[in-house]
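Shown next: final_9.cif, given as mmCIF, C-alpha atoms and all ligand atoms.
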data_target
#
loop_
_atom_site.label_atom_id
_atom_site.label_comp_id
_atom_site.auth_asym_id
_atom_site.auth_seq_id
_atom_site.Cartn_x
_atom_site.Cartn_y
_atom_site.Cartn_z
CA MET Z 186 0.00 0.00 0.00
CA THR Z 187 1.13 3.55 -0.62
CA PRO Z 188 1.53 5.81 2.43
CA ASP Z 189 -1.83 7.45 1.56
CA GLU Z 190 -3.54 4.07 1.36
CA LEU Z 191 -1.99 2.91 4.63
CA TYR Z 192 -3.32 6.03 6.32
CA ALA Z 193 -6.82 5.54 4.90
CA PHE Z 194 -6.93 1.79 5.56
CA ASP Z 195 -5.68 2.18 9.12
CA LEU Z 196 -8.11 5.02 9.78
CA ASN Z 197 -11.22 3.51 8.21
CA GLY Z 198 -10.63 -0.25 8.19
CA TYR Z 199 -11.30 -0.61 4.47
CA LEU Z 200 -9.87 0.36 1.10
CA LEU Z 201 -11.60 0.34 -2.27
CA VAL Z 202 -9.49 -0.67 -5.30
CA GLU Z 203 -11.23 0.39 -8.51
CA ASN Z 204 -10.86 -1.70 -11.70
CA ALA Z 205 -8.95 -4.32 -9.75
CA ILE Z 206 -9.81 -7.44 -11.79
CA ASP Z 207 -8.17 -7.80 -15.18
CA SER Z 208 -10.91 -6.99 -17.72
CA ASP Z 209 -10.29 -10.11 -19.89
CA LEU Z 210 -10.42 -12.30 -16.80
CA LEU Z 211 -13.61 -10.61 -15.62
CA GLU Z 212 -15.19 -11.16 -19.03
CA SER Z 213 -14.02 -14.77 -19.15
CA ILE Z 214 -15.69 -15.74 -15.85
CA THR Z 215 -19.10 -14.25 -16.63
CA GLY Z 216 -20.54 -17.46 -18.11
CA LEU Z 217 -19.04 -19.50 -15.32
CA VAL Z 218 -20.62 -17.29 -12.67
CA ASP Z 219 -23.96 -17.51 -14.54
CA GLN Z 220 -23.73 -21.31 -14.32
CA CYS Z 221 -22.88 -21.13 -10.62
CA GLU Z 222 -25.85 -18.86 -10.01
CA GLN Z 223 -28.16 -21.35 -11.73
CA ARG Z 224 -26.63 -24.18 -9.75
CA VAL Z 225 -27.28 -22.58 -6.35
CA GLY Z 226 -30.93 -22.08 -7.37
CA LEU Z 227 -32.00 -18.88 -5.68
CA ASN Z 228 -35.77 -18.76 -5.16
CA GLU Z 229 -38.44 -17.18 -2.98
CA THR Z 230 -37.08 -18.83 0.15
CA LYS Z 231 -33.37 -19.08 -0.77
CA ARG Z 232 -32.21 -15.46 -0.91
CA ASN Z 233 -28.58 -16.06 0.13
CA GLU Z 234 -26.38 -18.73 -1.35
CA ARG Z 235 -22.64 -19.26 -1.53
CA ILE Z 236 -20.25 -21.75 -3.08
CA SER Z 237 -17.39 -22.30 -0.66
CA ARG Z 238 -13.82 -23.15 -1.74
CA ILE Z 239 -14.56 -21.58 -5.12
CA VAL Z 240 -10.89 -21.53 -6.18
CA LEU Z 241 -11.01 -25.33 -6.37
CA GLU Z 242 -13.73 -25.18 -9.04
CA ASP Z 243 -11.86 -23.43 -11.86
CA PRO Z 244 -8.34 -21.99 -12.27
CA ARG Z 245 -9.82 -18.65 -13.33
CA PHE Z 246 -11.13 -18.21 -9.81
CA VAL Z 247 -7.56 -18.68 -8.55
CA GLU Z 248 -6.54 -15.82 -10.84
CA VAL Z 249 -9.23 -13.58 -9.39
CA ALA Z 250 -8.13 -14.53 -5.87
CA MET Z 251 -4.56 -13.60 -6.83
CA THR Z 252 -5.49 -10.21 -8.36
CA PRO Z 253 -2.17 -8.33 -8.21
CA ALA Z 254 -3.60 -4.91 -7.30
CA VAL Z 255 -5.30 -6.50 -4.30
CA VAL Z 256 -2.94 -9.18 -3.02
CA SER Z 257 0.07 -6.85 -3.22
CA ARG Z 258 -1.78 -4.52 -0.82
CA VAL Z 259 -3.22 -7.17 1.52
CA ILE Z 260 0.12 -8.81 2.23
CA ASP Z 261 1.48 -5.51 3.55
CA CYS Z 262 -0.96 -5.74 6.45
CA ILE Z 263 -0.64 -9.34 7.69
CA GLN Z 264 2.20 -11.12 9.44
CA PHE Z 265 2.98 -14.40 7.62
CA PRO Z 266 -0.03 -14.00 5.28
CA ARG Z 267 -1.93 -16.99 3.93
CA ILE Z 268 -5.13 -17.37 1.96
CA LYS Z 269 -7.80 -18.73 4.24
CA SER Z 270 -11.26 -18.82 2.59
CA THR Z 271 -12.68 -18.19 -0.85
CA TRP Z 272 -16.33 -18.21 -1.86
CA LEU Z 273 -18.72 -17.08 -4.54
CA ASP Z 274 -21.66 -15.26 -3.02
CA PHE Z 275 -25.15 -14.57 -4.36
CA LYS Z 276 -27.67 -12.36 -2.62
CA ALA Z 277 -31.14 -11.95 -4.10
CA GLN Z 278 -33.58 -9.26 -3.00
CA GLY Z 279 -34.24 -9.72 0.71
CA GLY Z 280 -30.92 -11.50 1.24
CA GLY Z 281 -28.25 -10.19 3.52
CA ILE Z 282 -25.91 -10.86 6.39
CA GLY Z 283 -26.37 -9.40 9.87
CA TYR Z 284 -23.95 -6.92 11.37
CA HIS Z 285 -21.00 -8.58 13.03
CA ALA Z 286 -17.51 -7.91 14.45
CA ASN Z 287 -16.00 -4.99 16.33
CA HIS Z 288 -12.51 -4.62 17.77
CA THR Z 289 -13.90 -5.00 21.31
CA PRO Z 290 -14.51 -7.56 22.76
CA TYR Z 291 -11.23 -9.02 21.57
CA ASP Z 292 -11.39 -11.89 19.10
CA PRO Z 293 -7.96 -13.16 18.07
CA VAL Z 294 -9.29 -14.45 14.74
CA ASP Z 295 -10.21 -10.93 13.62
CA ALA Z 296 -7.87 -8.78 15.72
CA TYR Z 297 -6.44 -5.66 14.11
CA TYR Z 298 -3.46 -3.85 15.64
CA TRP Z 299 -0.97 -1.17 14.73
CA GLN Z 300 2.47 -1.28 16.26
CA GLY Z 301 4.86 0.47 13.90
CA GLN Z 302 2.96 -1.28 11.11
CA ILE Z 303 -0.44 -2.87 10.55
CA TYR Z 304 -0.97 -6.32 12.04
CA ALA Z 305 -4.34 -7.60 10.83
CA ASN Z 306 -5.23 -11.19 11.67
CA LEU Z 307 -8.04 -11.42 9.12
CA ILE Z 308 -8.55 -9.35 6.00
CA THR Z 309 -11.48 -10.01 3.69
CA VAL Z 310 -11.70 -8.96 0.06
CA CYS Z 311 -15.01 -8.49 -1.75
CA TYR Z 312 -14.69 -8.55 -5.55
CA ALA Z 313 -17.75 -7.03 -7.23
CA LEU Z 314 -18.87 -9.19 -10.16
CA CYS Z 315 -21.68 -6.72 -10.89
CA ASP Z 316 -22.31 -3.09 -10.05
CA ILE Z 317 -23.39 -2.93 -6.39
CA PRO Z 318 -25.57 0.07 -5.54
CA GLU Z 319 -26.00 1.31 -1.98
CA ASP Z 320 -29.34 -0.45 -1.50
CA GLY Z 321 -28.20 -3.58 -3.35
CA ALA Z 322 -26.25 -5.20 -0.50
CA ALA Z 323 -23.35 -2.78 -0.55
CA LEU Z 324 -21.16 -3.56 2.45
CA ASP Z 325 -22.38 -1.43 5.35
CA VAL Z 326 -19.62 -0.65 7.83
CA ILE Z 327 -18.88 1.44 10.90
CA PRO Z 328 -15.64 3.06 9.74
CA GLY Z 329 -12.95 2.81 12.41
CA SER Z 330 -14.70 0.09 14.44
CA HIS Z 331 -11.78 -2.27 13.73
CA LYS Z 332 -10.03 -0.19 16.42
CA ALA Z 333 -13.01 0.45 18.73
CA ASN Z 334 -12.02 0.27 22.39
CA TYR Z 335 -15.60 -0.12 23.61
CA PRO Z 336 -18.12 -2.83 22.73
CA LEU Z 337 -20.94 -1.82 20.40
CA PRO Z 338 -23.56 0.15 22.33
CA GLU Z 339 -27.12 -1.16 22.29
CA ASN Z 340 -28.48 1.90 20.57
CA PRO Z 341 -29.62 1.06 17.04
CA ALA Z 342 -30.34 4.68 16.10
CA MET Z 343 -26.87 5.81 17.15
CA LEU Z 344 -25.23 2.86 15.36
CA ALA Z 345 -27.24 3.62 12.23
CA SER Z 346 -25.90 7.17 12.29
CA LEU Z 347 -22.33 5.83 12.29
CA ARG Z 348 -22.78 3.32 9.47
CA LYS Z 349 -21.59 3.90 5.92
CA LYS Z 350 -22.61 1.93 2.81
CA LEU Z 351 -19.86 1.23 0.31
CA PRO Z 352 -21.23 0.91 -3.26
CA MET Z 353 -18.94 -0.72 -5.81
CA LYS Z 354 -18.44 -0.86 -9.55
CA LYS Z 355 -18.16 -4.22 -11.31
CA GLY Z 356 -14.53 -5.35 -11.30
CA SER Z 357 -13.53 -3.37 -8.23
CA ALA Z 358 -12.41 -4.84 -4.93
CA LEU Z 359 -13.09 -3.83 -1.35
CA ILE Z 360 -10.34 -4.79 1.09
CA PHE Z 361 -11.51 -4.70 4.72
CA SER Z 362 -10.34 -5.70 8.16
CA HIS Z 363 -12.66 -8.38 9.52
CA ASP Z 364 -12.43 -6.56 12.86
CA ILE Z 365 -14.70 -3.83 11.44
CA ASN Z 366 -18.41 -3.99 12.23
CA HIS Z 367 -20.13 -4.84 8.97
CA GLY Z 368 -23.17 -6.39 7.32
CA SER Z 369 -25.24 -6.03 4.15
CA GLU Z 370 -28.82 -6.23 2.89
CA ASN Z 371 -30.15 -6.41 -0.65
CA ASN Z 372 -33.26 -4.29 -1.09
CA ARG Z 373 -33.14 -4.32 -4.89
CA ASP Z 374 -34.70 -6.58 -7.45
CA TYR Z 375 -31.41 -8.03 -8.64
CA VAL Z 376 -28.83 -10.59 -7.56
CA ARG Z 377 -25.63 -9.27 -6.01
CA ARG Z 378 -22.74 -11.38 -7.29
CA CYS Z 379 -19.41 -11.24 -5.47
CA LEU Z 380 -16.32 -13.34 -5.07
CA PHE Z 381 -14.85 -13.19 -1.56
CA THR Z 382 -11.38 -14.10 -0.39
CA SER Z 383 -9.91 -13.86 3.08
CA PHE Z 384 -6.33 -13.77 4.27
CA SER Z 385 -5.12 -14.65 7.73
CA THR Z 386 -1.86 -15.21 9.52
CA GLY Z 387 -0.18 -18.54 8.84
CA SER Z 388 -1.18 -19.87 12.25
CA SER Z 389 -4.95 -19.55 11.65
CA ALA Z 390 -6.56 -22.77 10.43
CA HIS Z 391 -8.74 -22.98 7.32
CA SER Z 392 -12.42 -22.48 7.98
CA GLN Z 393 -13.51 -24.35 4.83
CA GLY Z 394 -11.65 -27.64 5.11
CA ASP Z 395 -8.68 -29.49 6.54
CA ASN Z 396 -5.05 -28.50 6.27
CA TYR Z 397 -4.71 -29.98 2.78
CA LEU Z 398 -7.46 -27.80 1.26
CA TYR Z 399 -5.22 -25.99 -1.23
CA ASP Z 400 -2.51 -28.64 -1.72
CA ASP Z 401 -3.10 -28.94 -5.49
CA ILE Z 402 -2.74 -25.21 -6.05
CA PHE Z 403 0.32 -25.19 -3.81
CA GLU Z 404 1.93 -28.11 -5.68
CA ASN Z 405 1.37 -26.49 -9.08
CA ALA Z 406 2.71 -23.09 -8.05
CA GLU Z 407 6.25 -22.07 -8.88
CA GLU Z 408 8.86 -22.82 -6.23
CA GLY Z 409 9.67 -19.72 -4.17
CA SER Z 410 6.69 -17.76 -5.52
CA TRP Z 411 4.24 -15.72 -3.48
CA ARG Z 412 1.44 -17.84 -4.89
CA LYS Z 413 2.99 -20.99 -3.42
CA TYR Z 414 3.54 -19.18 -0.15
CA LEU Z 415 -0.03 -17.92 0.09
CA PHE Z 416 -1.58 -21.34 -0.61
CA ARG Z 417 0.62 -23.21 1.88
CA ARG Z 418 -0.90 -25.22 4.68
CA PRO Z 419 -1.68 -23.51 7.99
CA GLN Z 420 0.94 -24.07 10.66
CA GLY Z 421 -0.58 -23.90 14.13
CA ASP Z 422 2.58 -23.93 16.16
CA ARG Z 423 5.14 -21.65 14.53
CA ASP Z 424 4.95 -20.71 10.88
CA CYS Z 425 8.48 -20.77 9.53
CA TYR Z 426 7.78 -21.42 5.84
CA PRO Z 427 10.19 -19.06 4.01
CA GLN Z 428 8.44 -15.90 2.86
CA PRO Z 429 9.44 -14.64 -0.60
CA GLN Z 430 11.71 -11.64 -0.43
CA HIS Z 431 10.70 -10.19 -3.79
CA ARG Z 432 7.64 -8.00 -4.37
CA PHE Z 433 4.37 -9.75 -5.23
CA LEU Z 434 3.98 -7.41 -8.21
CA ASP Z 435 7.29 -8.59 -9.65
CA GLU Z 436 5.87 -12.04 -10.29
CA ALA Z 437 2.26 -11.18 -11.11
CA ASN Z 438 1.57 -12.76 -14.46
CA PRO Z 439 -2.04 -13.92 -14.70
CA VAL Z 440 -2.58 -17.00 -16.85
CA LEU Z 441 -6.06 -17.23 -18.35
CA HIS Z 442 -7.49 -20.70 -18.98
O1 LIG Y 501 -21.67 -10.78 1.99
C1 LIG Y 501 -21.46 -9.71 2.54
O2 LIG Y 501 -22.04 -8.68 2.19
C2 LIG Y 501 -20.51 -9.56 3.70
C3 LIG Y 501 -19.66 -10.76 3.96
C4 LIG Y 501 -19.24 -10.80 5.38
O3 LIG Y 501 -19.87 -10.28 6.25
C5 LIG Y 501 -18.02 -11.46 5.80
O4 LIG Y 501 -17.27 -11.92 4.95
O5 LIG Y 501 -17.77 -11.52 7.00
#
Show me this structure written as structure tokens.
Amino acid sequence: MTPDELYAFDLNGYLLVENAIDSDLLESITGLVDQCEQRVGLNETKRNERISRIVLEDPRFVEVAMTPAVVSRVIDCIQFPRIKSTWLDFKAQGGGIGYHANHTPYDPVDAYYWQGQIYANLITVCYALCDIPEDGAALDVIPGSHKANYPLPENPAMLASLRKKLPMKKGSALIFSHDINHGSENNRDYVRRCLFTSFSTGSSAHSQGDNYLYDDIFENAEEGSWRKYLFRRPQGDRDCYPQPQHRFLDEANPVLH
């Protein structure tokens, strides 16, 4: 992240990266995402559906998860970063996810700290696969709550006055600390389509499978590359897998399948 971006991300708990996904890649996954949407079968009673471990379904989803403009920024903010979860998310009108997280009370899974640099234990990325208007399940956050020293007060009107909706353009990415209070609700007659990734420290376990979840991607990645590093297995005791010393952007070379 640039010094300006570090300031904004640390202050607010989120950073929007416009036009993040390579346009050819974005175009090439449209049909695939259509198929996935059909497969999950949204209907009157199923307003929220997700496909977990989406990077295992098609190599193009790995390329989205490794979007250079995003990953190069995320890895600046996590000690021993590793990719944790990936999912494709569909929210029809009426779908949503309740507000959750806040820096206090402390949750080590989410915890965000600054001590000479940012130490975020969980960063989530939302890639917009369609335009997301404010009332169409734009992420709704309390800016700065990833550093809140008090628990959330039980005062809905006051909390509502602090919240901010973050609309997005198709192809952009929203990077946010999972310590920020956030939620979303789709009040539009459309389906919000997003691909999510999350990054944790190397000592956090996967939440979508056992240690071997990404072994195939790891095996196929170039020796010494950031990609191999990021898809390594979690290491609960002490993560000493050698971290690449070169910049992520120096190796970014998306391969379209
Ligand atoms: O789907 C969304 O709008 C938000 C996802 C979310 O809350 C999360 O990843 O924790």
Determine, for each residue of range 255-360 of chain Z having at least one atom at most 9 Å from an atom of range 380-404 of chain Z, the closest pair of atoms and their separation in Å to one decimal, counting only C-alpha atoms; order by chain and ascending number, as a tab-separated table.
residue	atom	partner	partner_atom	distance
Z:Val259	CA	Z:Phe384	CA	7.8
Z:Ile260	CA	Z:Phe384	CA	8.4
Z:Ile263	CA	Z:Thr386	CA	6.3
Z:Gln264	CA	Z:Thr386	CA	5.8
Z:Phe265	CA	Z:Thr386	CA	5.3
Z:Pro266	CA	Z:Thr386	CA	4.8
Z:Arg267	CA	Z:Gly387	CA	5.4
Z:Ile268	CA	Z:Phe384	CA	4.4
Z:Lys269	CA	Z:Phe384	CA	5.2
Z:Ser270	CA	Z:Ser383	CA	5.2
Z:Thr271	CA	Z:Thr382	CA	4.3
Z:Trp272	CA	Z:Phe381	CA	5.2
Z:Leu273	CA	Z:Leu380	CA	4.5
Z:Asp274	CA	Z:Leu380	CA	6.0
Z:Phe275	CA	Z:Leu380	CA	8.9
Z:Val294	CA	Z:Ser389	CA	7.4
Z:Asp295	CA	Z:Ser385	CA	8.6
Z:Ala305	CA	Z:Ser385	CA	7.7
Z:Asn306	CA	Z:Ser385	CA	5.2
Z:Leu307	CA	Z:Ser385	CA	4.6
Z:Ile308	CA	Z:Phe384	CA	5.2
Z:Thr309	CA	Z:Ser383	CA	4.2
Z:Val310	CA	Z:Thr382	CA	5.2
Z:Cys311	CA	Z:Phe381	CA	4.7
Z:Tyr312	CA	Z:Leu380	CA	5.1
Z:Ala313	CA	Z:Leu380	CA	6.8
Z:Leu314	CA	Z:Leu380	CA	7.0
Write out as CSV a residue-level contact list of chain Z versus ligand LIG 501 (chain Y) with cut-off 7 Å: for each qualifying residue the closest pair of atoms and the distance in Å to one decimal, counting only C-alpha atoms and all ligand atoms, rows sorted by chain and residue number upward.
residue,atom,partner,partner_atom,distance
Z:Asp274,CA,Y:LIG501,O1,6.7
Z:Gly281,CA,Y:LIG501,O2,6.5
Z:Ile282,CA,Y:LIG501,C1,6.0
Z:Thr309,CA,Y:LIG501,O4,6.2
Z:Ala322,CA,Y:LIG501,O2,6.1
Z:Ala323,CA,Y:LIG501,O2,6.6
Z:Leu324,CA,Y:LIG501,O2,5.2
Z:His363,CA,Y:LIG501,O5,6.5
Z:His367,CA,Y:LIG501,O3,6.1
Z:Gly368,CA,Y:LIG501,O3,5.2
Z:Ser369,CA,Y:LIG501,O2,4.6
In Å to one decimal, how far is CA of Ser213 in chain Z from CA of Phe246 in chain Z?
10.4 Å
Using all atoms listed in the file, the best pick from Z:Cys262, Z:Leu337, Z:Cys221, Z:Val256 as closest to Arg432 in chain Z would be Z:Val256
One-decimal distance in Å that lies between CA of Pro318 in chain Z and CA of Ser330 in chain Z:
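Computing the Euclidean distance for CA of Ser330 in chain Z and CA of Pro318 in chain Z yields 22.7 Å.
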Rounded to one decimal, what separation in Å do you get between CA of Glu436 in chain Z and CA of Ser410 in chain Z?
7.5 Å
Looking at Z:Asn287, Z:Asn233, Z:Asn334, Z:Thr215, which one is nearest to Cys315 in chain Z, with distances taken over only C-alpha atoms?
Z:Thr215
With only C-alpha atoms as the basis for distance, which of Z:Arg412, Z:Lys355, Z:His288, Z:Lys276 is at the shortest distance from Lys332 in chain Z?
Z:His288
Which one of Z:Asp195, Z:Pro429, Z:Cys379, Z:Lys413 sits closest to Val249 in chain Z if you count all atoms listed in the file?
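Smallest distance to Val249 in chain Z is found for Z:Cys379.
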Residue among Z:Pro341, Z:Val247, Z:Asp261, Z:Val225 lying closest to Gln302 in chain Z, counting all atoms listed in the file
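Closest to Gln302 in chain Z of all the choices is Z:Asp261.
Comparing Z:Asn372, Z:His431, Z:Arg378, Z:Tyr284 by their smallest distance to Arg348 in chain Z, the closest is Z:Tyr284 (using all atoms listed in the file).
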